[in-house]
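To be precise, the following lines are input_7.tsv, and they hold TSV, C-alpha atoms.
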chain	number	residue	atom	x	y	z
S	27	MET	CA	111.73	113.86	115.90
S	28	LYS	CA	115.34	113.98	116.97
S	29	ARG	CA	114.42	113.04	120.51
S	30	VAL	CA	113.92	116.63	121.53
S	31	VAL	CA	110.24	116.31	120.74
S	32	PRO	CA	108.18	113.15	120.07
S	33	LEU	CA	107.10	114.70	116.80
S	34	PHE	CA	104.87	112.85	114.36
S	35	PHE	CA	106.57	114.25	111.30
S	36	LEU	CA	103.29	115.60	110.07
S	37	LEU	CA	102.82	116.02	106.37
S	38	SER	CA	104.07	119.42	105.28
S	39	SER	CA	100.49	120.00	104.29
S	40	LEU	CA	97.94	117.56	102.98
S	41	SER	CA	97.29	119.67	99.95
S	42	ALA	CA	100.97	119.80	99.07
S	43	ALA	CA	101.71	116.18	99.88
S	44	THR	CA	98.69	114.71	98.12
S	45	GLN	CA	98.67	114.69	94.35
S	46	GLY	CA	96.46	113.19	91.67
S	47	SER	CA	93.07	111.51	91.95
S	48	PRO	CA	91.87	109.40	94.90
S	49	SER	CA	92.83	106.30	92.95
S	50	ASP	CA	96.45	107.38	92.55
S	51	THR	CA	97.66	109.55	95.41
S	52	LEU	CA	101.23	110.37	96.39
S	53	ILE	CA	101.91	110.86	100.10
S	54	ARG	CA	105.46	111.67	101.15
S	55	GLY	CA	106.85	109.78	98.20
S	56	VAL	CA	104.65	106.69	98.67
S	57	LYS	CA	102.04	105.93	96.01
S	58	ILE	CA	98.62	105.16	97.47
S	59	SER	CA	96.42	103.37	94.94
S	60	PHE	CA	92.77	102.29	95.02
S	61	THR	CA	92.64	100.84	91.51
S	62	TYR	CA	92.84	97.07	91.19
S	63	SER	CA	94.33	94.98	88.40
S	64	ARG	CA	96.38	91.80	88.62
S	65	SER	CA	99.35	93.78	87.32
S	66	ILE	CA	99.84	95.34	90.77
S	67	PHE	CA	101.18	91.96	91.95
S	68	PRO	CA	104.71	90.79	91.16
S	69	ALA	CA	104.70	88.47	88.14
S	70	SER	CA	105.80	85.50	90.24
S	71	TRP	CA	102.66	85.87	92.38
S	72	GLN	CA	100.29	85.74	89.43
S	73	ALA	CA	101.12	82.16	88.42
S	74	PRO	CA	100.25	78.98	90.35
S	75	PRO	CA	100.61	77.99	93.10
S	76	ILE	CA	100.34	81.53	94.51
S	77	SER	CA	97.63	82.58	92.00
S	78	ALA	CA	97.25	86.08	93.45
S	79	SER	CA	93.85	87.71	93.01
S	80	GLY	CA	91.90	90.60	94.47
S	81	GLU	CA	88.80	92.78	94.18
S	82	GLN	CA	88.34	96.47	93.54
S	83	ILE	CA	87.74	98.38	96.77
S	84	ASP	CA	84.29	99.94	97.21
S	85	THR	CA	84.30	103.62	96.33
S	86	LYS	CA	82.65	104.49	99.66
S	87	GLU	CA	85.70	103.12	101.52
S	88	ILE	CA	88.33	105.17	99.67
S	89	ARG	CA	88.13	108.31	101.81
S	90	ARG	CA	88.35	106.40	105.09
S	91	SER	CA	91.23	104.29	103.80
S	92	LEU	CA	93.11	107.41	102.75
S	93	ASP	CA	92.61	109.02	106.16
S	94	ILE	CA	93.93	105.89	107.87
S	95	ILE	CA	97.01	105.58	105.67
S	96	ILE	CA	97.87	109.26	106.17
S	97	ARG	CA	97.69	108.75	109.93
S	98	ALA	CA	99.87	105.64	109.71
S	99	ILE	CA	102.51	107.10	107.40
S	100	GLN	CA	102.94	110.29	109.40
S	101	LYS	CA	104.25	108.23	112.34
S	102	TYR	CA	107.47	107.61	110.38
S	103	PRO	CA	110.18	110.13	109.51
S	104	VAL	CA	110.52	110.79	105.79
S	105	ALA	CA	113.87	108.98	105.77
S	106	ALA	CA	112.21	105.88	107.23
S	107	LEU	CA	110.05	105.59	104.11
S	108	LYS	CA	112.46	106.64	101.39
S	109	ASN	CA	114.03	103.71	99.52
S	110	GLU	CA	112.00	101.28	101.68
S	111	LEU	CA	108.34	101.68	100.68
S	112	THR	CA	107.19	102.75	97.21
S	113	ALA	CA	103.47	101.91	97.13
S	114	VAL	CA	100.40	100.88	99.13
S	115	TYR	CA	97.51	99.23	97.28
S	116	PHE	CA	94.03	99.06	98.83
S	117	LEU	CA	91.62	96.34	97.75
S	118	LYS	CA	88.31	94.91	98.89
S	119	SER	CA	89.80	91.42	99.22
S	120	LEU	CA	93.03	89.51	98.61
S	121	LYS	CA	93.67	85.84	97.99
S	122	PHE	CA	96.91	83.83	97.70
S	123	TYR	CA	97.25	80.05	97.62
S	124	ASP	CA	93.42	80.08	97.61
S	125	VAL	CA	93.53	81.61	101.11
S	126	GLY	CA	92.07	85.00	102.01
S	127	TYR	CA	94.48	87.60	103.42
S	128	GLY	CA	93.92	90.86	105.27
S	129	GLY	CA	97.20	92.18	103.89
S	130	THR	CA	100.60	91.23	102.58
S	131	ASN	CA	103.80	92.77	101.26
S	132	SER	CA	106.30	92.49	98.43
S	133	SER	CA	109.87	93.76	98.39
S	134	ASP	CA	108.78	97.41	98.48
S	135	ALA	CA	104.96	97.55	98.42
S	136	LEU	CA	102.02	96.78	100.70
S	137	PHE	CA	98.67	95.25	99.73
S	138	LEU	CA	95.91	96.02	102.25
S	139	THR	CA	92.22	95.11	102.30
S	140	ASN	CA	89.18	97.08	103.42
S	141	ASN	CA	85.71	95.57	103.14
S	142	GLY	CA	84.04	97.92	105.59
S	143	VAL	CA	83.72	98.26	109.35
S	144	ASP	CA	80.79	95.83	109.46
S	145	MET	CA	83.11	93.11	108.14
S	146	GLY	CA	85.75	93.83	110.79
S	147	PHE	CA	87.90	96.29	108.85
S	148	THR	CA	87.99	98.91	111.58
S	149	ASP	CA	90.35	101.85	111.59
S	150	LEU	CA	92.50	100.10	114.20
S	151	TYR	CA	92.63	96.86	112.24
S	152	MET	CA	93.64	98.62	109.03
S	153	GLU	CA	96.31	100.82	110.58
S	154	GLN	CA	97.76	97.89	112.48
S	155	THR	CA	97.88	95.91	109.23
S	156	PHE	CA	99.94	98.68	107.62
S	157	HIS	CA	102.53	98.63	110.42
S	158	HIS	CA	102.46	94.82	110.54
S	159	GLU	CA	103.22	94.44	106.85
S	160	TYR	CA	105.71	97.29	106.66
S	161	SER	CA	107.73	95.73	109.47
S	162	SER	CA	108.12	92.63	107.28
S	163	ILE	CA	109.73	94.68	104.53
S	164	LEU	CA	112.10	96.27	107.02
S	165	TYR	CA	112.95	92.95	108.67
S	166	ARG	CA	113.75	91.25	105.37
S	167	ARG	CA	115.84	94.17	104.17
S	168	HIS	CA	117.66	94.75	107.45
S	169	PRO	CA	117.77	91.49	109.44
S	170	GLN	CA	120.90	92.75	111.21
S	171	TRP	CA	118.77	95.37	112.99
S	172	LEU	CA	117.20	92.66	115.14
S	173	ASP	CA	119.06	90.83	117.91
S	174	ALA	CA	117.46	87.54	116.87
S	175	ARG	CA	119.34	85.48	119.44
S	176	SER	CA	117.98	87.56	122.30
S	177	TRP	CA	114.52	87.51	120.73
S	178	LEU	CA	114.49	83.71	120.61
S	179	ALA	CA	115.81	83.56	124.15
S	180	ALA	CA	112.71	85.45	125.29
S	181	ASN	CA	110.47	82.58	124.15
S	182	ALA	CA	109.39	79.84	126.51
S	183	PRO	CA	112.08	77.13	126.87
S	184	GLY	CA	111.87	74.49	124.14
S	185	PHE	CA	109.51	76.56	121.96
S	186	ASP	CA	109.76	76.30	118.15
S	187	TYR	CA	107.78	78.46	115.76
S	188	ASN	CA	105.23	76.12	114.24
S	189	ASP	CA	104.51	77.36	110.71
S	190	PRO	CA	107.21	76.85	108.04
S	191	GLU	CA	104.92	78.65	105.58
S	192	ASN	CA	105.32	81.85	107.63
S	193	GLY	CA	101.66	82.22	108.54
S	194	VAL	CA	99.87	80.57	105.64
S	195	GLY	CA	99.39	77.37	107.62
S	196	ALA	CA	98.13	79.32	110.64
S	197	ILE	CA	95.49	81.01	108.49
S	198	ARG	CA	94.42	77.72	106.92
S	199	ASN	CA	94.17	76.08	110.34
S	200	ASN	CA	92.23	78.94	111.96
S	201	ALA	CA	95.17	79.62	114.27
S	202	SER	CA	95.67	83.24	113.25
S	203	SER	CA	93.91	85.18	116.00
S	204	GLN	CA	95.44	88.60	116.66
S	205	GLU	CA	93.61	89.13	119.94
S	206	LEU	CA	95.95	90.01	122.78
S	207	ASP	CA	95.98	87.06	125.19
S	208	SER	CA	97.63	86.98	128.62
S	209	ASN	CA	98.03	83.20	128.38
S	210	PHE	CA	100.33	83.66	125.41
S	211	CYS	CA	102.03	86.66	127.02
S	212	LYS	CA	103.30	84.46	129.84
S	213	LYS	CA	105.27	82.58	127.18
S	214	GLY	CA	106.54	85.72	125.42
S	215	PHE	CA	103.86	86.10	122.72
S	216	LEU	CA	101.11	88.63	122.28
S	217	THR	CA	98.69	86.51	120.25
S	218	GLN	CA	98.03	83.06	118.87
S	219	TYR	CA	99.31	84.14	115.45
S	220	SER	CA	102.60	85.33	116.97
S	221	GLN	CA	103.64	81.73	117.47
S	222	SER	CA	103.62	80.88	113.77
S	223	SER	CA	107.01	82.42	112.87
S	224	LEU	CA	109.62	84.84	114.15
S	225	GLU	CA	108.59	87.33	111.46
S	226	ASN	CA	104.92	87.16	112.43
S	227	ASP	CA	105.91	87.50	116.07
S	228	LEU	CA	107.87	90.64	115.23
S	229	ASN	CA	104.99	91.92	113.04
S	230	THR	CA	102.50	91.60	115.89
S	231	PHE	CA	104.72	93.61	118.22
S	232	ALA	CA	105.26	96.22	115.50
S	233	GLN	CA	101.56	96.78	114.88
S	234	ASN	CA	101.02	97.34	118.59
S	235	LEU	CA	104.01	99.64	119.02
S	236	PHE	CA	102.70	102.00	116.34
S	237	SER	CA	98.95	101.51	116.88
S	238	PRO	CA	98.39	99.74	120.20
S	239	SER	CA	95.38	97.58	120.94
S	240	GLU	CA	93.72	98.31	124.25
S	241	GLY	CA	95.76	96.88	127.10
S	242	PHE	CA	98.97	96.40	125.11
S	243	TRP	CA	101.20	98.47	127.38
S	244	LYS	CA	99.72	96.89	130.51
S	245	LEU	CA	100.75	93.49	129.15
S	246	VAL	CA	104.22	94.82	128.33
S	247	ASP	CA	104.63	96.06	131.89
S	248	ARG	CA	103.26	92.87	133.41
S	249	TYR	CA	105.07	90.12	131.49
S	250	PRO	CA	108.90	90.12	131.41
S	251	LYS	CA	109.22	88.09	128.19
S	252	VAL	CA	106.88	90.47	126.35
S	253	ARG	CA	108.74	93.47	127.76
S	254	LYS	CA	112.05	92.06	126.56
S	255	LYS	CA	110.75	91.65	122.99
S	256	MET	CA	109.27	95.14	123.05
S	257	LYS	CA	112.67	96.58	123.96
S	258	LEU	CA	114.39	94.54	121.25
S	259	LEU	CA	111.95	95.83	118.65
S	260	VAL	CA	112.43	99.41	119.81
S	261	GLN	CA	116.16	98.86	119.27
S	262	PHE	CA	115.33	97.49	115.81
S	263	TYR	CA	113.49	100.68	114.86
S	264	GLN	CA	116.19	102.88	116.36
S	265	GLN	CA	118.53	101.48	113.70
S	266	MET	CA	116.20	103.20	111.24
S	267	ASP	CA	115.89	106.47	113.15
S	268	PRO	CA	116.84	107.43	116.76
S	269	VAL	CA	113.44	109.06	117.24
S	270	PHE	CA	111.95	105.62	117.82
S	271	THR	CA	112.39	105.40	121.57
S	272	GLU	CA	110.16	103.57	124.04
S	273	GLU	CA	108.92	106.97	125.19
S	274	TYR	CA	107.93	107.83	121.61
S	275	PHE	CA	105.94	104.63	121.19
S	276	ARG	CA	104.20	104.90	124.56
S	277	LYS	CA	102.79	108.26	123.47
S	278	LEU	CA	101.23	106.96	120.28
S	279	LYS	CA	97.49	106.35	120.18

Translate the structure of the given file into structure tokens.
Amino acid sequence: MKRVVPLFFLLSSLSAATQGSPSDTLIRGVKISFTYSRSIFPASWQAPPISASGEQIDTKEIRRSLDIIIRAIQKYPVAALKNELTAVYFLKSLKFYDVGYGGTNSSDALFLTNNGVDMGFTDLYMEQTFHHEYSSILYRRHPQWLDARSWLAANAPGFDYNDPENGVGAIRNNASSQELDSNFCKKGFLTQYSQSSLENDLNTFAQNLFSPSEGFWKLVDRYPKVRKKMKLLVQFYQQMDPVFTEEYFRKLK
């Protein structure tokens, strides 16, 4: 993926890269787990007011979840995972602050939910959630990778992100839609949820760079403020690895 070819950095071979049982699988150095216990959460999350809780994922969803996470992980060079992401935990449901979550992240791990396609947990939704949450880890660890001043300048004049809880309030207030919306794009945002915090704004762009919703690139090409943020996020990822060019992302499906 050194810019000569927009390579996906495929797993050397699935048989070689995958070890252990379906409930404890190692993929390119990242542990993928389908076994739930409260111990998977950091200790500080287990006590009030966070009171983290979850449910064991249905066995019938394990194979599909594994296929999705393999597809997501192989879009990153090995070096882009090493020392950044150690584990991904799949659950049927997640709850923090007595609020249901589709996914979240700790300092080096992701917690993703899958309750079946019929409940809205499509392949696209789940892969986007992986990229969304992983971008939070990268942003917290490497804030200097983002030109935050230019990012804020791309917002509509006078705009202030409206959720000091970094998304919790948006979820509580049913203001967390992730549907692409041209009305928001005019102001520099992809979705309603993007307006809750700079991190969530960045997350929403990240999930669409790596696994684009239908129409994403048309919106990028149509709205200057959205295009500016896309270019800033591409620059962010290029700090991780030069393979992450706009051309690379436009070729992803």

Pick from S:His158, S:Arg175, S:Arg97, S:Lys57: nearest to Val114 in chain S, with only C-alpha atoms counted?
-> S:Lys57

Expected answer as a list in words: all residues with atoms within 10 Å of (105.0, 93.1, 95.4), all atoms listed in the file | Ser65, Ile66, Phe67, Pro68, Ala69, Ser70, Trp71, Ala113, Val114, Tyr115, Thr130, Asn131, Ser132, Ser133, Asp134, Ala135, Leu136 and Phe137 of chain S

Residue list as number ranges by chain for point (95.2, 103.3, 97.0), cut-off 8 Å, only C-alpha atoms | S: 48-51, 57-61, 88, 91-92, 114-117

Separation of CA of Phe210 in chain S and CA of Ser237 in chain S, in Å?
->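 Computing it gives 19.8 Å between the two atoms.
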
Which of these, S:Ser222, S:Gln233, S:Ser239, S:Gln264, has the shortest distance to Asp207 in chain S once you count all atoms listed in the file?
-> S:Ser239

Nearest-residue call for Ala179 in chain S, choices S:Ala105, S:Val252, S:Ala98, S:Leu52, using all atoms listed in the file = S:Val252

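Among the candidates S:Ile95, S:Leu278, S:Leu172, S:Leu107, the residue lying nearest to Thr139 in chain S is S:Ile95 (atoms considered: all atoms listed in the file).
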
For Glu153 in chain S, work out the shell of residues within 12 Å, counting all atoms listed in the file and skipping chain neighbours fewer than 3 positions away, then give it as a ChimeraX atom specification.
-> /S:90-101,128-129,138-140,147-150,156-160,232-239,279

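If all atoms listed in the file are the atoms counted, then among S:Phe122, S:Phe242, S:Tyr62, S:Tyr249 the closest residue to Asp84 in chain S is S:Tyr62.
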
Selection near Gly214 in chain S, 9 Å with only C-alpha atoms, sequence-local residues under 6 positions removed, as a list in words =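 So, after excluding close chain neighbours, the residues are Ala180, Asn181, Ala182, Tyr249, Pro250, Lys251, Val252, Arg253, Lys254 and Lys255 of chain S.
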
Judged by only C-alpha atoms, the minimum distance to Arg166 in chain S among S:Asp247, S:Glu273, S:Glu240, S:Glu225 is found for S:Glu225

Output range 52-63 of chain S with N, CA and C atoms present, as a PDB file, in the frame of the given file.
ATOM      1  N   LEU S  52      99.856 110.432  95.924  1.00  0.00           N
ATOM      2  CA  LEU S  52     101.230 110.370  96.390  1.00  0.00           C
ATOM      3  C   LEU S  52     101.325 111.052  97.749  1.00  0.00           C
ATOM      4  N   ILE S  53     101.754 110.311  98.763  1.00  0.00           N
ATOM      5  CA  ILE S  53     101.910 110.860 100.100  1.00  0.00           C
ATOM      6  C   ILE S  53     103.339 110.629 100.561  1.00  0.00           C
ATOM      7  N   ARG S  54     104.070 111.699 100.689  1.00  0.00           N
ATOM      8  CA  ARG S  54     105.460 111.670 101.150  1.00  0.00           C
ATOM      9  C   ARG S  54     106.291 110.654 100.380  1.00  0.00           C
ATOM     10  N   GLY S  55     106.073 110.643  99.070  1.00  0.00           N
ATOM     11  CA  GLY S  55     106.850 109.780  98.200  1.00  0.00           C
ATOM     12  C   GLY S  55     106.316 108.374  98.049  1.00  0.00           C
ATOM     13  N   VAL S  56     105.241 108.026  98.754  1.00  0.00           N
ATOM     14  CA  VAL S  56     104.650 106.690  98.670  1.00  0.00           C
ATOM     15  C   VAL S  56     103.361 106.758  97.861  1.00  0.00           C
ATOM     16  N   LYS S  57     103.257 105.952  96.813  1.00  0.00           N
ATOM     17  CA  LYS S  57     102.040 105.930  96.010  1.00  0.00           C
ATOM     18  C   LYS S  57     100.947 105.168  96.746  1.00  0.00           C
ATOM     19  N   ILE S  58      99.775 105.794  96.865  1.00  0.00           N
ATOM     20  CA  ILE S  58      98.620 105.160  97.470  1.00  0.00           C
ATOM     21  C   ILE S  58      97.593 104.944  96.354  1.00  0.00           C
ATOM     22  N   SER S  59      97.276 103.686  96.076  1.00  0.00           N
ATOM     23  CA  SER S  59      96.420 103.370  94.940  1.00  0.00           C
ATOM     24  C   SER S  59      95.166 102.619  95.379  1.00  0.00           C
ATOM     25  N   PHE S  60      94.038 102.964  94.745  1.00  0.00           N
ATOM     26  CA  PHE S  60      92.770 102.290  95.020  1.00  0.00           C
ATOM     27  C   PHE S  60      92.213 101.633  93.756  1.00  0.00           C
ATOM     28  N   THR S  61      93.062 101.457  92.767  1.00  0.00           N
ATOM     29  CA  THR S  61      92.640 100.840  91.510  1.00  0.00           C
ATOM     30  C   THR S  61      93.229  99.439  91.419  1.00  0.00           C
ATOM     31  N   TYR S  62      92.367  98.455  91.228  1.00  0.00           N
ATOM     32  CA  TYR S  62      92.840  97.070  91.190  1.00  0.00           C
ATOM     33  C   TYR S  62      93.013  96.539  89.775  1.00  0.00           C
ATOM     34  N   SER S  63      94.120  95.857  89.551  1.00  0.00           N
ATOM     35  CA  SER S  63      94.330  94.980  88.400  1.00  0.00           C
ATOM     36  C   SER S  63      95.375  93.968  88.833  1.00  0.00           C
TER      37      SER S  63
END
